[in-house]
>>> print(open('upload-v9.csv').read())   # CSV, C-alpha atoms
chain,number,residue,atom,x,y,z
A,1,MET,CA,37.0,-40.5,-52.9
A,2,THR,CA,36.4,-39.8,-56.6
A,3,LYS,CA,38.4,-42.0,-58.9
A,4,PRO,CA,40.2,-40.3,-61.8
A,5,ILE,CA,39.3,-39.8,-65.4
A,6,GLY,CA,42.3,-40.9,-67.3
A,7,ALA,CA,43.5,-40.4,-70.8
A,8,ILE,CA,44.4,-43.0,-73.4
A,9,VAL,CA,46.6,-41.6,-76.2
A,10,LEU,CA,46.5,-43.7,-79.4
A,11,ALA,CA,49.9,-43.3,-81.2
A,12,ALA,CA,50.3,-46.6,-83.0
A,13,GLY,CA,49.3,-45.6,-86.5
A,14,PHE,CA,51.6,-46.1,-89.5
A,15,SER,CA,51.5,-42.5,-91.0
A,16,SER,CA,51.1,-44.0,-94.4
A,17,ARG,CA,49.6,-40.9,-96.0
A,18,PHE,CA,52.1,-38.6,-94.3
A,19,GLY,CA,55.1,-40.3,-95.8
A,20,SER,CA,57.1,-40.3,-92.5
A,21,SER,CA,56.3,-40.4,-88.8
A,22,LYS,CA,53.7,-37.6,-88.5
A,23,LEU,CA,54.0,-37.8,-84.7
A,24,LEU,CA,57.6,-36.6,-84.9
A,25,ALA,CA,56.9,-33.8,-87.5
A,26,ARG,CA,57.7,-30.4,-86.2
A,27,LEU,CA,55.1,-27.7,-85.6
A,28,SER,CA,55.7,-24.0,-85.8
A,29,SER,CA,56.1,-24.0,-82.0
A,30,GLY,CA,59.2,-26.1,-82.5
A,31,LYS,CA,57.6,-29.1,-80.7
A,32,SER,CA,56.7,-32.3,-82.4
A,33,VAL,CA,53.1,-33.1,-83.1
A,34,PHE,CA,53.2,-35.8,-80.4
A,35,GLN,CA,55.0,-33.6,-77.8
A,36,GLN,CA,52.5,-30.8,-78.1
A,37,THR,CA,49.5,-33.2,-78.0
A,38,VAL,CA,50.8,-34.9,-74.9
A,39,GLU,CA,51.8,-31.7,-73.1
A,40,ARG,CA,48.2,-30.4,-73.4
A,41,ILE,CA,46.7,-33.8,-72.3
A,42,ALA,CA,49.2,-33.9,-69.3
A,43,GLU,CA,47.9,-30.5,-68.1
A,44,VAL,CA,44.5,-32.0,-67.5
A,45,PHE,CA,45.0,-35.8,-66.8
A,46,PRO,CA,47.5,-37.0,-64.2
A,47,ASP,CA,46.7,-40.6,-65.2
A,48,ARG,CA,47.5,-41.3,-68.8
A,49,LEU,CA,48.6,-44.1,-71.1
A,50,VAL,CA,50.2,-43.9,-74.6
A,51,VAL,CA,49.9,-46.9,-76.8
A,52,THR,CA,52.3,-47.2,-79.7
A,53,ARG,CA,54.2,-49.6,-81.8
A,54,PRO,CA,57.4,-51.2,-80.3
A,55,GLU,CA,59.6,-49.5,-82.9
A,56,MET,CA,58.3,-46.0,-81.8
A,57,ALA,CA,58.3,-46.5,-78.0
A,58,ALA,CA,61.8,-45.2,-77.3
A,59,GLN,CA,61.4,-42.1,-79.4
A,60,LEU,CA,58.0,-41.3,-77.9
A,61,GLN,CA,59.1,-41.9,-74.3
A,62,GLU,CA,61.5,-39.0,-74.6
A,63,LEU,CA,58.6,-36.7,-75.5
A,64,ALA,CA,56.0,-38.2,-73.3
A,65,GLN,CA,55.9,-35.9,-70.3
A,66,GLY,CA,56.2,-38.7,-67.8
A,67,THR,CA,53.3,-40.6,-69.5
A,68,ALA,CA,53.4,-44.4,-69.4
A,69,ILE,CA,54.2,-45.8,-72.8
A,70,LEU,CA,52.7,-49.2,-73.8
A,71,SER,CA,54.0,-51.1,-76.8
A,72,PHE,CA,51.4,-52.9,-78.8
A,73,GLU,CA,52.8,-55.7,-80.9
A,74,HIS,CA,49.8,-55.9,-83.2
A,75,ALA,CA,49.1,-52.3,-84.3
A,76,GLU,CA,48.6,-53.5,-87.8
A,77,ARG,CA,45.3,-55.0,-86.6
A,78,GLY,CA,43.9,-51.4,-86.5
A,79,MET,CA,42.7,-48.7,-84.2
A,80,GLY,CA,40.0,-50.8,-82.6
A,81,ALA,CA,42.5,-53.5,-81.6
A,82,THR,CA,44.9,-50.8,-80.3
A,83,LEU,CA,42.2,-49.2,-78.3
A,84,ALA,CA,41.1,-52.6,-76.9
A,85,PHE,CA,44.7,-53.3,-75.8
A,86,ALA,CA,44.8,-49.9,-74.0
A,87,ALA,CA,41.4,-50.4,-72.4
A,88,GLN,CA,42.7,-53.7,-71.0
A,89,GLN,CA,45.5,-51.8,-69.2
A,90,ILE,CA,43.3,-49.2,-67.5
A,91,GLY,CA,43.7,-48.9,-63.8
A,92,ASP,CA,40.9,-47.9,-61.4
A,93,TRP,CA,39.5,-45.1,-63.4
A,94,ASP,CA,35.9,-43.8,-63.5
A,95,GLY,CA,36.2,-42.9,-67.1
A,96,CYS,CA,38.7,-42.5,-69.9
A,97,VAL,CA,39.2,-39.9,-72.6
A,98,VAL,CA,40.4,-41.5,-75.8
A,99,CYS,CA,42.8,-39.0,-77.5
A,100,LEU,CA,44.7,-39.2,-80.8
A,101,GLY,CA,48.4,-38.6,-80.8
A,102,ASP,CA,48.2,-36.5,-84.0
A,103,MET,CA,45.8,-33.8,-82.7
A,104,PRO,CA,48.1,-31.1,-81.3
A,105,PHE,CA,45.7,-28.2,-81.5
A,106,ILE,CA,43.0,-29.2,-79.1
A,107,GLU,CA,42.8,-26.7,-76.2
A,108,THR,CA,43.4,-27.9,-72.7
A,109,SER,CA,40.0,-26.4,-71.7
A,110,THR,CA,38.3,-28.7,-74.1
A,111,TYR,CA,39.9,-31.8,-72.6
A,112,ARG,CA,38.9,-30.6,-69.2
A,113,HIS,CA,35.3,-29.9,-70.3
A,114,ILE,CA,34.9,-33.3,-71.8
A,115,ALA,CA,36.3,-35.0,-68.7
A,116,GLU,CA,33.9,-33.1,-66.5
A,117,GLN,CA,30.9,-34.5,-68.4
A,118,VAL,CA,31.8,-38.2,-68.1
A,119,THR,CA,29.5,-40.5,-66.1
A,120,ALA,CA,29.8,-44.2,-65.6
A,121,ASN,CA,27.4,-45.0,-68.4
A,122,SER,CA,28.1,-42.2,-70.8
A,123,ILE,CA,30.0,-41.6,-74.1
A,124,VAL,CA,30.9,-37.9,-74.5
A,125,THR,CA,31.5,-36.7,-78.0
A,126,PRO,CA,32.6,-33.2,-78.7
A,127,THR,CA,31.1,-31.3,-81.7
A,128,PHE,CA,32.3,-28.2,-83.4
A,129,ASP,CA,30.4,-26.6,-86.3
A,130,SER,CA,27.9,-29.6,-86.2
A,131,LYS,CA,30.8,-32.0,-86.8
A,132,MET,CA,31.7,-34.8,-84.3
A,133,GLY,CA,35.4,-34.7,-83.4
A,134,ASN,CA,37.9,-36.1,-80.9
A,135,PRO,CA,38.7,-36.9,-78.1
A,136,VAL,CA,35.8,-39.1,-77.1
A,137,ALA,CA,35.2,-40.0,-73.5
A,138,PHE,CA,33.8,-43.3,-72.1
A,139,GLY,CA,32.5,-44.1,-68.7
A,140,LYS,CA,33.8,-47.0,-66.7
A,141,ASN,CA,30.8,-49.2,-67.5
A,142,LEU,CA,31.9,-49.2,-71.1
A,143,PHE,CA,35.5,-50.4,-70.5
A,144,THR,CA,34.6,-54.0,-71.1
A,145,ASP,CA,33.2,-53.1,-74.5
A,146,LEU,CA,36.3,-51.0,-75.3
A,147,GLY,CA,38.5,-53.9,-74.4
A,148,ALA,CA,36.6,-56.1,-76.8
A,149,LEU,CA,37.0,-53.9,-79.9
A,150,THR,CA,38.7,-55.4,-83.0
A,151,GLY,CA,39.9,-54.3,-86.4
A,152,ASP,CA,40.2,-50.7,-87.5
A,153,SER,CA,36.9,-49.4,-86.1
A,154,GLY,CA,37.6,-47.5,-82.9
A,155,GLY,CA,35.3,-46.3,-80.2
A,156,ARG,CA,32.8,-45.0,-82.8
A,157,ARG,CA,31.5,-48.6,-82.9
A,158,LEU,CA,30.2,-48.1,-79.4
A,159,THR,CA,28.5,-44.8,-80.2
A,160,ASN,CA,26.5,-46.8,-82.8
A,161,ARG,CA,25.8,-49.7,-80.4
A,162,TYR,CA,24.8,-47.5,-77.4
A,163,PRO,CA,23.1,-44.3,-78.9
A,164,GLN,CA,21.3,-43.7,-75.6
A,165,ALA,CA,24.7,-43.3,-73.9
A,166,VAL,CA,26.0,-40.6,-76.3
A,167,ARG,CA,26.1,-37.1,-75.0
A,168,GLU,CA,27.1,-34.5,-77.6
A,169,LEU,CA,29.1,-31.6,-76.2
A,170,GLN,CA,29.2,-28.4,-78.2
A,171,VAL,CA,32.7,-26.9,-78.0
A,172,SER,CA,34.2,-23.8,-79.6
A,173,ASP,CA,37.5,-25.5,-80.4
A,174,PRO,CA,38.2,-26.4,-84.1
A,175,GLY,CA,41.2,-28.4,-82.8
A,176,ILE,CA,38.8,-31.4,-82.2
A,177,LEU,CA,38.5,-31.8,-86.0
A,178,GLN,CA,42.2,-31.2,-86.9
A,179,ASP,CA,44.0,-34.5,-87.1
A,180,ILE,CA,47.1,-34.6,-89.2
A,181,ASP,CA,47.2,-37.2,-92.0
A,182,THR,CA,49.3,-35.4,-94.6
A,183,PRO,CA,52.1,-32.7,-94.7
A,184,GLU,CA,49.5,-30.4,-96.4
A,185,GLU,CA,47.1,-30.7,-93.5
A,186,LEU,CA,50.0,-30.0,-91.1
A,187,ALA,CA,50.8,-26.8,-93.0
A,188,LEU,CA,47.2,-25.8,-93.3
A,189,TYR,CA,46.4,-26.1,-89.6
A,190,GLN,CA,49.6,-24.3,-88.5
A,191,ASP,CA,48.7,-21.3,-90.7
A,192,SER,CA,45.0,-21.2,-89.5
>>> encode(input="upload-v9.csv", output="structure tokens")
Amino acid sequence: MTKPIGAIVLAAGFSSRFGSSKLLARLSSGKSVFQQTVERIAEVFPDRLVVTRPEMAAQLQELAQGTAILSFEHAERGMGATLAFAAQQIGDWDGCVVCLGDMPFIETSTYRHIAEQVTANSIVTPTFDSKMGNPVAFGKNLFTDLGALTGDSGGRRLTNRYPQAVRELQVSDPGILQDIDTPEELALYQDS
């Protein structure tokens, strides 16, 4: 039996440039940034984990579509440390797709296409308009490396360490580049 490709959703940032919690900011759909992001991920991945800060866990649980919420006490250590914590919690998956909680415009078909490309030794990076975006998928043989990340450098450190494993995947989805860091970006992407 084939083991699942799961999704890790990183939602432990501090939204310092946004001024308030960007994950709870409302989109024109009426949903929060986080809710729309997780709904799209949930359509593709039955197995998923959200990693957030303890003070955000209760609020995000209400919006999480049945997704397991993990509290990471040391989110201030950066994205790499947060991803390492998540990777250490992975069950029996053949691969994981590392998603960002502030990317609500990625199409479900893009998540599916990325997941279909993962092999045990690969890193799948989507590109749009010659720019690398998110989410990035990692095969199970890279889980130990993911679990050893530190600091603020996320999975990109592994794309540099294992260039032979990287498989670029051209997609027609600008959503892979549209993360929300400021209220101005939120307004811009909603109008596009």
>>> closest_residue(input="upload-v9.csv", among="A:Ala137, A:Ile123, A:Val97, A:Val51", to="Phe72 (chain A)", atoms="all atoms listed in the file")
A:Val51
>>> atom_distance(input="upload-v9.csv", atom1="CA of Cys96 (chain A)", atom2="CA of Ala11 (chain A)")
15.9 Å
>>> atom_distance(input="upload-v9.csv", atom1="CA of Ala7 (chain A)", atom2="CA of Asp181 (chain A)")
21.8 Å
>>> closest_residue(input="upload-v9.csv", among="A:Asn160, A:Thr37, A:Thr144, A:Ser71", to="Tyr111 (chain A)", atoms="only C-alpha atoms")
A:Thr37
>>> closest_residue(input="upload-v9.csv", among="A:Met79, A:Gly30, A:Lys3, A:Val44", to="Lys140 (chain A)", atoms="all atoms listed in the file")
A:Lys3
>>> atom_distance(input="upload-v9.csv", atom1="CA of Pro183 (chain A)", atom2="CA of Pro104 (chain A)")
14.1 Å
>>> closest_residue(input="upload-v9.csv", among="A:Val33, A:Val9, A:Met132, A:Val38", to="Leu186 (chain A)", atoms="only C-alpha atoms")
A:Val33
>>> closest_residue(input="upload-v9.csv", among="A:Thr150, A:Ser122, A:Gln164, A:Gln36", to="Glu107 (chain A)", atoms="all atoms listed in the file")
A:Gln36
>>> closest_residue(input="upload-v9.csv", among="A:Leu23, A:Leu60, A:Ala120, A:Leu146", to="Trp93 (chain A)", atoms="all atoms listed in the file")
A:Ala120
>>> residues_around(input="upload-v9.csv", residues="Gly6 (chain A)", least_positions_apart="6", cutoff="9 Å", atoms="all atoms listed in the file", output="list in words")
Phe45, Pro46, Asp47, Arg48, Leu49, Ile90, Gly91, Trp93, Asp94, Gly95, Cys96, Val97, Val98 and Ala115 of chain A
>>> write_last_selection(input="upload-v9.csv", atoms="C-alpha atoms", output="short mmCIF file (atom, residue, chain, number, x, y, z; two decimals), keeping the file's coordinate frame")
data_model
loop_
_atom_site.label_atom_id
_atom_site.label_comp_id
_atom_site.auth_asym_id
_atom_site.auth_seq_id
_atom_site.Cartn_x
_atom_site.Cartn_y
_atom_site.Cartn_z
CA PHE A 45 45.00 -35.80 -66.80
CA PRO A 46 47.50 -37.00 -64.20
CA ASP A 47 46.70 -40.60 -65.20
CA ARG A 48 47.50 -41.30 -68.80
CA LEU A 49 48.60 -44.10 -71.10
CA ILE A 90 43.30 -49.20 -67.50
CA GLY A 91 43.70 -48.90 -63.80
CA TRP A 93 39.50 -45.10 -63.40
CA ASP A 94 35.90 -43.80 -63.50
CA GLY A 95 36.20 -42.90 -67.10
CA CYS A 96 38.70 -42.50 -69.90
CA VAL A 97 39.20 -39.90 -72.60
CA VAL A 98 40.40 -41.50 -75.80
CA ALA A 115 36.30 -35.00 -68.70
#
>>> residues_near_point(input="upload-v9.csv", point="(54.9, -38.3, -88.9)", cutoff="10 Å", atoms="only C-alpha atoms", output="number ranges by chain")
A: 13-26, 32-34, 102, 180-183, 186
>>> residues_near_point(input="upload-v9.csv", point="(56.5, -42.7, -71.2)", cutoff="10 Å", atoms="only C-alpha atoms", output="list in words")
Arg48, Leu49, Val50, Val51, Ala57, Ala58, Gln59, Leu60, Gln61, Glu62, Leu63, Ala64, Gln65, Gly66, Thr67, Ala68, Ile69 and Leu70 of chain A
>>> residues_around(input="upload-v9.csv", residues="Thr159 (chain A)", least_positions_apart="6", cutoff="9 Å", atoms="only C-alpha atoms", output="PyMOL selection string")
chain A and resi 123+125+165-166
>>> write_last_selection(input="upload-v9.csv", atoms="C-alpha atoms", output="PDB file, in the coordinates of the input")
ATOM      1  CA  ILE A 123      30.000 -41.600 -74.100  1.00  0.00           C
ATOM      2  CA  THR A 125      31.500 -36.700 -78.000  1.00  0.00           C
ATOM      3  CA  ALA A 165      24.700 -43.300 -73.900  1.00  0.00           C
ATOM      4  CA  VAL A 166      26.000 -40.600 -76.300  1.00  0.00           C
TER       5      VAL A 166
END
>>> residues_around(input="upload-v9.csv", residues="Pro174 (chain A)", least_positions_apart="5", cutoff="10 Å", atoms="only C-alpha atoms", output="PyMOL selection string")
chain A and resi 105-107+127-129+131+133+189
>>> decode(input="upload-v9.csv", residues="region 75-116 of chain A", atoms="C-alpha atoms", output="JSON list (two decimals), in the first residue's frame")
[["chain", "number", "residue", "atom", "x", "y", "z"],
["A", 75, "ALA", "CA", 9.00, 29.83, 17.31],
["A", 76, "GLU", "CA", 11.28, 32.80, 17.91],
["A", 77, "ARG", "CA", 14.15, 30.54, 16.81],
["A", 78, "GLY", "CA", 12.94, 30.91, 13.23],
["A", 79, "MET", "CA", 11.37, 29.06, 10.35],
["A", 80, "GLY", "CA", 14.08, 26.40, 10.17],
["A", 81, "ALA", "CA", 13.59, 25.48, 13.81],
["A", 82, "THR", "CA", 9.81, 25.43, 13.36],
["A", 83, "LEU", "CA", 10.07, 23.20, 10.31],
["A", 84, "ALA", "CA", 12.47, 20.90, 12.17],
["A", 85, "PHE", "CA", 9.96, 20.56, 15.00],
["A", 86, "ALA", "CA", 7.21, 19.70, 12.51],
["A", 87, "ALA", "CA", 9.38, 17.18, 10.66],
["A", 88, "GLN", "CA", 10.06, 15.40, 13.93],
["A", 89, "GLN", "CA", 6.29, 14.87, 14.32],
["A", 90, "ILE", "CA", 5.69, 13.35, 10.88],
["A", 91, "GLY", "CA", 4.00, 10.00, 10.85],
["A", 92, "ASP", "CA", 4.58, 7.27, 8.30],
["A", 93, "TRP", "CA", 4.57, 9.48, 5.21],
["A", 94, "ASP", "CA", 6.35, 8.94, 1.89],
["A", 95, "GLY", "CA", 6.80, 12.68, 1.51],
["A", 96, "CYS", "CA", 5.68, 16.03, 2.85],
["A", 97, "VAL", "CA", 4.65, 19.26, 1.23],
["A", 98, "VAL", "CA", 5.77, 22.23, 3.31],
["A", 99, "CYS", "CA", 3.09, 24.91, 3.05],
["A", 100, "LEU", "CA", 3.02, 28.44, 4.43],
["A", 101, "GLY", "CA", -0.04, 29.51, 6.40],
["A", 102, "ASP", "CA", -0.09, 32.92, 4.71],
["A", 103, "MET", "CA", -0.51, 31.76, 1.10],
["A", 104, "PRO", "CA", -4.30, 31.57, 0.55],
["A", 105, "PHE", "CA", -4.28, 31.91, -3.24],
["A", 106, "ILE", "CA", -2.52, 28.67, -4.24],
["A", 107, "GLU", "CA", -4.84, 26.52, -6.32],
["A", 108, "THR", "CA", -5.70, 23.03, -5.07],
["A", 109, "SER", "CA", -4.58, 21.62, -8.42],
["A", 110, "THR", "CA", -1.10, 23.03, -7.76],
["A", 111, "TYR", "CA", -0.88, 21.26, -4.39],
["A", 112, "ARG", "CA", -2.00, 18.04, -6.06],
["A", 113, "HIS", "CA", 0.48, 18.38, -8.93],
["A", 114, "ILE", "CA", 3.40, 18.98, -6.54],
["A", 115, "ALA", "CA", 2.41, 15.99, -4.37],
["A", 116, "GLU", "CA", 2.26, 13.74, -7.43]]
